[in-house]
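**Q** Provided below: coords.csv, containing CSV, N, CA and C atoms.
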```
chain,number,residue,atom,x,y,z
O,247,GLN,N,0.8,-1.2,0.0
O,247,GLN,CA,0.0,0.0,0.0
O,247,GLN,C,0.9,1.2,0.0
O,248,VAL,N,0.5,2.2,-0.9
O,248,VAL,CA,1.3,3.4,-1.0
O,248,VAL,C,1.0,4.3,0.2
O,249,HIS,N,2.1,4.9,0.7
O,249,HIS,CA,2.0,5.9,1.8
O,249,HIS,C,2.8,7.1,1.5
O,250,LEU,N,2.2,8.3,1.6
O,250,LEU,CA,2.9,9.5,1.3
O,250,LEU,C,2.9,10.4,2.5
O,251,VAL,N,4.0,11.0,2.8
O,251,VAL,CA,4.2,11.9,3.9
O,251,VAL,C,4.9,13.2,3.5
O,252,GLU,N,4.2,14.3,3.7
O,252,GLU,CA,4.7,15.6,3.3
O,252,GLU,C,5.4,16.2,4.5
O,253,SER,N,6.4,17.1,4.2
O,253,SER,CA,7.0,17.9,5.3
O,253,SER,C,7.6,19.1,4.6
O,254,GLY,N,7.9,20.1,5.4
O,254,GLY,CA,8.6,21.3,4.9
O,254,GLY,C,7.7,22.5,4.9
O,255,GLY,N,6.4,22.4,5.2
O,255,GLY,CA,5.5,23.6,5.2
O,255,GLY,C,5.9,24.5,6.4
O,256,GLY,N,5.3,25.7,6.3
O,256,GLY,CA,5.6,26.6,7.4
O,256,GLY,C,5.1,28.0,7.0
O,257,SER,N,5.6,29.0,7.7
O,257,SER,CA,5.2,30.4,7.5
O,257,SER,C,6.4,31.1,7.0
O,258,VAL,N,6.1,32.0,6.0
O,258,VAL,CA,7.1,32.8,5.4
O,258,VAL,C,6.5,34.1,4.9
O,259,GLN,N,7.3,35.1,4.8
O,259,GLN,CA,6.8,36.4,4.3
O,259,GLN,C,6.8,36.3,2.8
O,260,ALA,N,6.0,37.2,2.2
O,260,ALA,CA,5.9,37.2,0.7
O,260,ALA,C,7.3,37.5,0.2
O,261,GLY,N,7.7,36.8,-0.9
O,261,GLY,CA,9.0,36.9,-1.5
O,261,GLY,C,10.0,35.9,-1.0
O,262,GLY,N,9.6,35.2,0.1
O,262,GLY,CA,10.4,34.2,0.6
O,262,GLY,C,10.3,32.8,-0.1
O,263,SER,N,11.1,31.9,0.5
O,263,SER,CA,11.1,30.5,-0.1
O,263,SER,C,10.8,29.4,0.9
O,264,LEU,N,10.3,28.3,0.4
O,264,LEU,CA,10.1,27.1,1.2
O,264,LEU,C,10.4,25.9,0.3
O,265,ARG,N,10.8,24.8,0.9
O,265,ARG,CA,10.9,23.6,0.1
O,265,ARG,C,10.0,22.5,0.8
O,266,LEU,N,9.2,21.9,0.0
O,266,LEU,CA,8.3,20.9,0.5
O,266,LEU,C,8.9,19.5,0.0
O,267,SER,N,8.7,18.5,0.9
O,267,SER,CA,9.3,17.2,0.6
O,267,SER,C,8.2,16.2,0.7
O,268,CYS,N,8.2,15.2,-0.1
O,268,CYS,CA,7.2,14.1,0.0
O,268,CYS,C,7.9,12.8,-0.1
O,269,ALA,N,7.8,12.0,1.0
O,269,ALA,CA,8.4,10.7,1.1
O,269,ALA,C,7.4,9.7,0.8
O,270,ALA,N,7.7,8.8,-0.2
O,270,ALA,CA,6.8,7.8,-0.6
O,270,ALA,C,7.3,6.4,-0.3
O,271,SER,N,6.4,5.6,0.2
O,271,SER,CA,6.8,4.2,0.5
O,271,SER,C,5.7,3.3,0.0
O,272,GLY,N,6.1,2.1,-0.3
O,272,GLY,CA,5.2,1.1,-0.8
O,272,GLY,C,4.8,1.2,-2.3
O,273,TYR,N,5.6,2.1,-3.0
O,273,TYR,CA,5.2,2.3,-4.4
O,273,TYR,C,6.0,1.4,-5.3
O,274,THR,N,5.2,0.7,-6.2
O,274,THR,CA,5.8,-0.3,-7.1
O,274,THR,C,5.6,0.0,-8.5
O,275,ASP,N,4.7,0.9,-8.9
O,275,ASP,CA,4.4,1.2,-10.3
O,275,ASP,C,5.6,1.7,-11.0
O,276,SER,N,5.9,1.2,-12.2
O,276,SER,CA,7.0,1.7,-13.0
O,276,SER,C,6.6,2.9,-13.8
O,277,ASN,N,5.3,3.0,-14.1
O,277,ASN,CA,4.7,4.2,-14.7
O,277,ASN,C,3.9,5.0,-13.7
O,278,TYR,N,4.3,6.2,-13.5
O,278,TYR,CA,3.6,7.0,-12.4
O,278,TYR,C,3.6,8.5,-12.7
O,279,CYS,N,2.7,9.1,-12.1
O,279,CYS,CA,2.7,10.6,-12.0
O,279,CYS,C,2.7,11.0,-10.6
O,280,MET,N,3.6,11.8,-10.1
O,280,MET,CA,3.6,12.3,-8.8
O,280,MET,C,3.4,13.8,-8.9
O,281,ALA,N,2.6,14.4,-8.0
O,281,ALA,CA,2.2,15.8,-8.2
O,281,ALA,C,2.0,16.5,-6.8
O,282,TRP,N,2.1,17.8,-6.9
O,282,TRP,CA,1.8,18.6,-5.8
O,282,TRP,C,0.5,19.4,-6.1
O,283,PHE,N,-0.5,19.3,-5.2
O,283,PHE,CA,-1.7,20.1,-5.3
O,283,PHE,C,-1.8,21.0,-4.1
O,284,ARG,N,-2.6,22.0,-4.2
O,284,ARG,CA,-2.9,22.9,-3.1
O,284,ARG,C,-4.3,23.3,-3.0
O,285,GLN,N,-4.8,23.6,-1.8
O,285,GLN,CA,-6.2,23.9,-1.6
O,285,GLN,C,-6.2,25.0,-0.5
O,286,ALA,N,-6.7,26.2,-1.0
O,286,ALA,CA,-6.9,27.3,-0.1
O,286,ALA,C,-8.4,27.2,0.5
O,287,PRO,N,-8.6,27.8,1.6
O,287,PRO,CA,-10.0,27.7,2.2
O,287,PRO,C,-11.0,28.3,1.2
O,288,GLY,N,-12.1,27.5,1.0
O,288,GLY,CA,-13.1,27.9,0.2
O,288,GLY,C,-12.9,27.8,-1.3
O,289,LYS,N,-11.7,27.2,-1.7
O,289,LYS,CA,-11.4,27.0,-3.1
O,289,LYS,C,-11.2,25.6,-3.4
O,290,GLU,N,-11.3,25.3,-4.7
O,290,GLU,CA,-11.0,23.9,-5.2
O,290,GLU,C,-9.6,23.6,-5.1
O,291,ARG,N,-9.3,22.3,-5.0
O,291,ARG,CA,-7.9,21.8,-5.0
O,291,ARG,C,-7.4,22.0,-6.4
O,292,GLU,N,-6.2,22.6,-6.5
O,292,GLU,CA,-5.6,22.8,-7.9
O,292,GLU,C,-4.2,22.2,-8.0
O,293,ALA,N,-3.9,21.8,-9.2
O,293,ALA,CA,-2.6,21.2,-9.4
O,293,ALA,C,-1.6,22.3,-9.5
O,294,VAL,N,-0.4,22.1,-8.8
O,294,VAL,CA,0.7,23.1,-8.8
O,294,VAL,C,1.8,22.6,-9.7
O,295,ALA,N,2.2,21.4,-9.6
O,295,ALA,CA,3.4,20.9,-10.4
O,295,ALA,C,3.3,19.3,-10.3
O,296,ALA,N,3.9,18.7,-11.4
O,296,ALA,CA,3.9,17.3,-11.5
O,296,ALA,C,5.1,16.8,-12.1
O,297,ILE,N,5.5,15.6,-11.8
O,297,ILE,CA,6.6,14.9,-12.5
O,297,ILE,C,6.2,13.5,-12.7
O,298,THR,N,6.6,13.0,-13.9
O,298,THR,CA,6.2,11.6,-14.3
O,298,THR,C,7.5,10.7,-14.4
O,299,SER,N,7.2,9.4,-14.5
O,299,SER,CA,8.2,8.4,-14.6
O,299,SER,C,9.1,8.6,-15.8
O,300,ASP,N,8.6,9.2,-16.9
O,300,ASP,CA,9.4,9.4,-18.1
O,300,ASP,C,10.1,10.7,-18.1
O,301,GLY,N,10.0,11.4,-16.9
O,301,GLY,CA,10.8,12.7,-16.8
O,301,GLY,C,10.1,13.9,-17.2
O,302,SER,N,8.8,13.8,-17.6
O,302,SER,CA,8.1,15.0,-18.0
O,302,SER,C,7.8,15.9,-16.7
O,303,LEU,N,7.8,17.2,-16.9
O,303,LEU,CA,7.4,18.1,-15.8
O,303,LEU,C,6.2,18.9,-16.2
O,304,TYR,N,5.4,19.3,-15.2
O,304,TYR,CA,4.3,20.2,-15.5
O,304,TYR,C,4.3,21.2,-14.3
O,305,TYR,N,3.9,22.5,-14.7
O,305,TYR,CA,3.7,23.6,-13.8
O,305,TYR,C,2.5,24.3,-14.2
O,306,THR,N,1.7,24.7,-13.2
O,306,THR,CA,0.6,25.6,-13.5
O,306,THR,C,1.2,26.9,-13.8
O,307,ASP,N,0.5,27.7,-14.7
O,307,ASP,CA,1.1,28.9,-15.2
O,307,ASP,C,1.6,29.9,-14.2
O,308,SER,N,0.8,30.0,-13.1
O,308,SER,CA,1.1,31.0,-12.1
O,308,SER,C,2.4,30.7,-11.3
O,309,VAL,N,3.0,29.5,-11.4
O,309,VAL,CA,4.2,29.2,-10.6
O,309,VAL,C,5.4,29.0,-11.5
O,310,LYS,N,5.2,29.1,-12.8
O,310,LYS,CA,6.4,28.9,-13.7
O,310,LYS,C,7.4,29.9,-13.5
O,311,GLY,N,8.7,29.5,-13.4
O,311,GLY,CA,9.8,30.3,-13.2
O,311,GLY,C,10.1,30.6,-11.7
O,312,ARG,N,9.2,30.2,-10.8
O,312,ARG,CA,9.4,30.4,-9.4
O,312,ARG,C,9.4,29.0,-8.6
O,313,PHE,N,8.7,28.0,-9.1
O,313,PHE,CA,8.7,26.7,-8.4
O,313,PHE,C,9.4,25.7,-9.2
O,314,SER,N,10.0,24.7,-8.6
O,314,SER,CA,10.7,23.7,-9.2
O,314,SER,C,10.4,22.3,-8.6
O,315,ILE,N,10.0,21.4,-9.4
O,315,ILE,CA,9.7,20.0,-8.9
O,315,ILE,C,10.8,19.1,-9.3
O,316,PHE,N,11.2,18.3,-8.4
O,316,PHE,CA,12.3,17.3,-8.8
O,316,PHE,C,12.2,16.1,-7.8
O,317,GLN,N,12.9,15.1,-8.2
O,317,GLN,CA,13.0,13.9,-7.3
O,317,GLN,C,14.5,13.8,-6.8
O,318,ASP,N,14.5,13.5,-5.5
O,318,ASP,CA,15.8,13.4,-4.8
O,318,ASP,C,16.0,11.9,-4.6
O,319,ASN,N,16.8,11.2,-5.5
O,319,ASN,CA,16.9,9.8,-5.4
O,319,ASN,C,17.7,9.3,-4.2
O,320,THR,N,18.5,10.2,-3.7
O,320,THR,CA,19.3,9.8,-2.5
O,320,THR,C,18.4,9.7,-1.3
O,321,LYS,N,17.3,10.4,-1.3
O,321,LYS,CA,16.4,10.4,-0.1
O,321,LYS,C,15.1,9.7,-0.5
O,322,ASN,N,14.9,9.3,-1.8
O,322,ASN,CA,13.6,8.7,-2.2
O,322,ASN,C,12.5,9.7,-1.9
O,323,THR,N,12.6,10.9,-2.3
O,323,THR,CA,11.6,11.9,-2.1
O,323,THR,C,11.3,12.7,-3.3
O,324,MET,N,10.1,13.3,-3.4
O,324,MET,CA,9.8,14.3,-4.4
O,324,MET,C,9.8,15.6,-3.7
O,325,GLU,N,10.4,16.6,-4.3
O,325,GLU,CA,10.6,17.9,-3.7
O,325,GLU,C,9.9,19.0,-4.5
O,326,LEU,N,9.5,20.0,-3.8
O,326,LEU,CA,9.0,21.2,-4.5
O,326,LEU,C,9.6,22.4,-3.9
O,327,GLN,N,10.5,23.0,-4.6
O,327,GLN,CA,11.2,24.3,-4.2
O,327,GLN,C,10.3,25.4,-4.7
O,328,MET,N,9.9,26.2,-3.7
O,328,MET,CA,9.0,27.4,-4.0
O,328,MET,C,9.8,28.7,-3.6
O,329,ASN,N,10.0,29.5,-4.6
O,329,ASN,CA,10.6,30.8,-4.5
O,329,ASN,C,9.7,31.9,-4.8
O,330,SER,N,10.0,33.1,-4.3
O,330,SER,CA,9.2,34.3,-4.5
O,330,SER,C,7.7,34.0,-4.2
O,331,LEU,N,7.5,33.5,-3.1
O,331,LEU,CA,6.1,33.1,-2.7
O,331,LEU,C,5.2,34.4,-2.5
O,332,LYS,N,3.9,34.2,-2.9
O,332,LYS,CA,3.0,35.2,-2.8
O,332,LYS,C,1.9,34.9,-1.7
O,333,SER,N,1.3,35.9,-1.2
O,333,SER,CA,0.4,35.7,-0.1
O,333,SER,C,-0.8,34.9,-0.5
O,334,GLU,N,-1.2,35.0,-1.8
O,334,GLU,CA,-2.3,34.3,-2.3
O,334,GLU,C,-2.0,32.8,-2.5
O,335,GLU,N,-0.8,32.4,-2.3
O,335,GLU,CA,-0.4,31.0,-2.4
O,335,GLU,C,-0.5,30.3,-1.0
O,336,THR,N,-1.0,31.0,0.0
O,336,THR,CA,-1.3,30.3,1.3
O,336,THR,C,-2.3,29.3,1.1
O,337,ALA,N,-2.0,28.0,1.5
O,337,ALA,CA,-2.9,26.9,1.2
O,337,ALA,C,-2.3,25.7,1.9
O,338,LEU,N,-3.1,24.6,1.9
O,338,LEU,CA,-2.7,23.3,2.3
O,338,LEU,C,-2.2,22.6,1.1
O,339,TYR,N,-0.9,22.2,1.1
O,339,TYR,CA,-0.3,21.6,0.0
O,339,TYR,C,-0.2,20.1,0.2
O,340,TYR,N,-0.7,19.4,-0.9
O,340,TYR,CA,-0.8,17.9,-0.8
O,340,TYR,C,0.2,17.3,-1.8
O,341,CYS,N,0.8,16.2,-1.4
O,341,CYS,CA,1.5,15.3,-2.3
O,341,CYS,C,0.6,14.2,-2.8
O,342,ALA,N,0.7,13.8,-4.1
O,342,ALA,CA,-0.2,12.8,-4.6
O,342,ALA,C,0.6,12.0,-5.6
O,343,ALA,N,0.1,10.7,-5.7
O,343,ALA,CA,0.8,9.8,-6.7
O,343,ALA,C,-0.2,8.9,-7.3
O,344,THR,N,0.0,8.5,-8.5
O,344,THR,CA,-0.9,7.6,-9.2
O,344,THR,C,-0.1,6.8,-10.2
O,345,GLY,N,-0.4,5.5,-10.4
O,345,GLY,CA,0.1,4.6,-11.4
O,345,GLY,C,-0.8,4.5,-12.6
O,346,ILE,N,-2.0,5.2,-12.5
O,346,ILE,CA,-2.9,5.2,-13.6
O,346,ILE,C,-2.5,6.3,-14.5
O,347,TRP,N,-1.5,6.1,-15.3
O,347,TRP,CA,-1.0,7.1,-16.2
O,347,TRP,C,-0.1,6.4,-17.2
O,348,ARG,N,-0.1,6.9,-18.5
O,348,ARG,CA,0.8,6.4,-19.5
O,348,ARG,C,1.7,7.5,-20.1
O,349,SER,N,2.8,7.1,-20.5
O,349,SER,CA,3.7,8.1,-21.1
O,349,SER,C,3.1,8.9,-22.2
O,350,GLY,N,3.3,10.2,-22.1
O,350,GLY,CA,2.8,11.1,-23.1
O,350,GLY,C,1.4,11.7,-22.7
O,351,ALA,N,0.8,11.2,-21.7
O,351,ALA,CA,-0.5,11.7,-21.3
O,351,ALA,C,-0.3,12.7,-20.2
O,352,ALA,N,-1.3,13.6,-20.0
O,352,ALA,CA,-1.3,14.5,-18.9
O,352,ALA,C,-1.6,13.7,-17.6
O,353,CYS,N,-1.1,14.2,-16.5
O,353,CYS,CA,-1.4,13.6,-15.2
O,353,CYS,C,-2.9,13.8,-14.9
O,354,PRO,N,-3.5,12.9,-14.2
O,354,PRO,CA,-4.9,13.0,-13.9
O,354,PRO,C,-5.2,14.3,-13.1
O,355,SER,N,-6.5,14.7,-13.1
O,355,SER,CA,-6.9,15.8,-12.3
O,355,SER,C,-7.1,15.4,-10.9
O,356,ALA,N,-7.3,16.4,-10.0
O,356,ALA,CA,-7.4,16.1,-8.6
O,356,ALA,C,-8.7,15.3,-8.3
O,357,THR,N,-9.7,15.5,-9.2
O,357,THR,CA,-11.0,14.8,-8.9
O,357,THR,C,-11.1,13.5,-9.6
O,358,SER,N,-10.0,13.0,-10.2
O,358,SER,CA,-10.1,11.8,-11.0
O,358,SER,C,-10.3,10.5,-10.2
O,359,GLY,N,-10.0,10.6,-8.9
O,359,GLY,CA,-10.1,9.5,-8.0
O,359,GLY,C,-9.0,8.5,-8.1
O,360,SER,N,-7.9,8.8,-8.9
O,360,SER,CA,-6.9,7.8,-9.1
O,360,SER,C,-5.7,8.1,-8.2
O,361,TYR,N,-5.6,9.1,-7.5
O,361,TYR,CA,-4.5,9.4,-6.6
O,361,TYR,C,-4.5,8.8,-5.2
O,362,THR,N,-3.4,8.5,-4.7
O,362,THR,CA,-3.1,8.3,-3.3
O,362,THR,C,-2.6,9.7,-2.8
O,363,TRP,N,-3.2,10.1,-1.7
O,363,TRP,CA,-2.9,11.5,-1.2
O,363,TRP,C,-2.1,11.4,0.1
O,364,GLY,N,-1.2,12.4,0.4
O,364,GLY,CA,-0.6,12.6,1.7
O,364,GLY,C,-1.6,13.4,2.5
O,365,GLN,N,-1.2,13.6,3.8
O,365,GLN,CA,-2.1,14.3,4.7
O,365,GLN,C,-2.1,15.8,4.6
O,366,GLY,N,-1.1,16.3,3.8
O,366,GLY,CA,-1.1,17.8,3.6
O,366,GLY,C,-0.1,18.5,4.5
O,367,THR,N,0.4,19.6,4.0
O,367,THR,CA,1.3,20.4,4.9
O,367,THR,C,0.9,21.9,4.6
O,368,GLN,N,0.8,22.6,5.7
O,368,GLN,CA,0.3,24.0,5.5
O,368,GLN,C,1.5,25.0,5.1
O,369,VAL,N,1.2,25.8,4.2
O,369,VAL,CA,2.1,26.9,3.7
O,369,VAL,C,1.3,28.2,4.0
O,370,THR,N,1.9,29.0,4.8
O,370,THR,CA,1.3,30.3,5.0
O,370,THR,C,2.3,31.4,4.6
O,371,VAL,N,1.8,32.3,3.7
O,371,VAL,CA,2.6,33.4,3.2
O,371,VAL,C,2.0,34.7,3.7
O,372,SER,N,2.7,35.4,4.5
O,372,SER,CA,2.2,36.7,5.0
O,372,SER,C,2.6,37.8,4.1
O,373,PRO,N,1.7,38.8,3.9
O,373,PRO,CA,2.0,40.0,3.0
O,373,PRO,C,3.3,40.7,3.4
```
Let me see the structure of the file written as structure tokens.
**A**
Amino acid sequence: QVHLVESGGGSVQAGGSLRLSCAASGYTDSNYCMAWFRQAPGKEREAVAAITSDGSLYYTDSVKGRFSIFQDNTKNTMELQMNSLKSEETALYYCAATGIWRSGAACPSATSGSYTWGQGTQVTVSP
């Protein structure tokens, strides 16, 4: 059974940086999509960034050039480096993974029902 644990959230002032980490265990799929989503109070969960087993990367437009998703093979984690954070990016950030994906396809949406989710880590950006 896949188990995901996020860490690295916290509070930072606008313009600051945070790095989120997602430790995955029990994962055996050779084809996968791993992603970061976020959900602010009263808003829908939205995709932030994703990385696939074939090396493809995805970023939502609002974070391009500021966020970087990558895998740290020495620690078996997926990381999200977030720079130049904005107050409107305050949210609960979730790590998610799915093996229901094929090379060349987009990663599934948050509502697809195909993801295993972590418990979330809070990111608070003050103005």
**Q** Just list as a ChimeraX atom specification whatever in chain O DSSP marks as strand (DSSP E).
**A** /O:249-253,256-259,264-271,279-285,292-298,303-305,313-318,323-328,337-344,362-363,367-372
**Q** Quick one: pick out all helix (DSSP H, G or I) residues within chain O from a backbone DSSP run and write them as a ChimeraX atom specification.
**A** /O:307-309,333-335
**Q** Which residues are close to Thr362 (chain O), i.e. within 6 Å by only N, CA and C atoms, leaving aside same-chain residues fewer than 4 positions away? Reply as a count of residues only.
**A** 4
**Q** Can you pull out the residues contacting Ser302 (chain O)? Cut-off 8 Å, using all atoms listed in the file, and skip same-chain residues under 5 positions away; I want them as a ChimeraX atom specification.
**A** /O:296-297,350
**Q** Take the point (1.7, 15.9, -3.8) in the file's coordinates, draw a sphere of radius 8 Å around it, and report as a list in words every protein, DNA or RNA residue with an atom inside or on it, counting only N, CA and C atoms.
**A**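 Within 8 Å of (1.7, 15.9, -3.8), the protein and nucleic acid residues are Glu252, Ser267, Cys268, Met280, Ala281, Trp282, Phe283, Arg284, Ala295, Tyr339, Tyr340, Cys341, Ala342, Ala343, Thr362, Trp363 and Gly364 of chain O.
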**Q** Which value, in Å to one decimal, gives the distance between atom N of Tyr278 (chain O) and CA of Gln317 (chain O)?
**A**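 Answer for the atom N of Tyr278 (chain O) to CA of Gln317 (chain O) separation: 13.2 Å.
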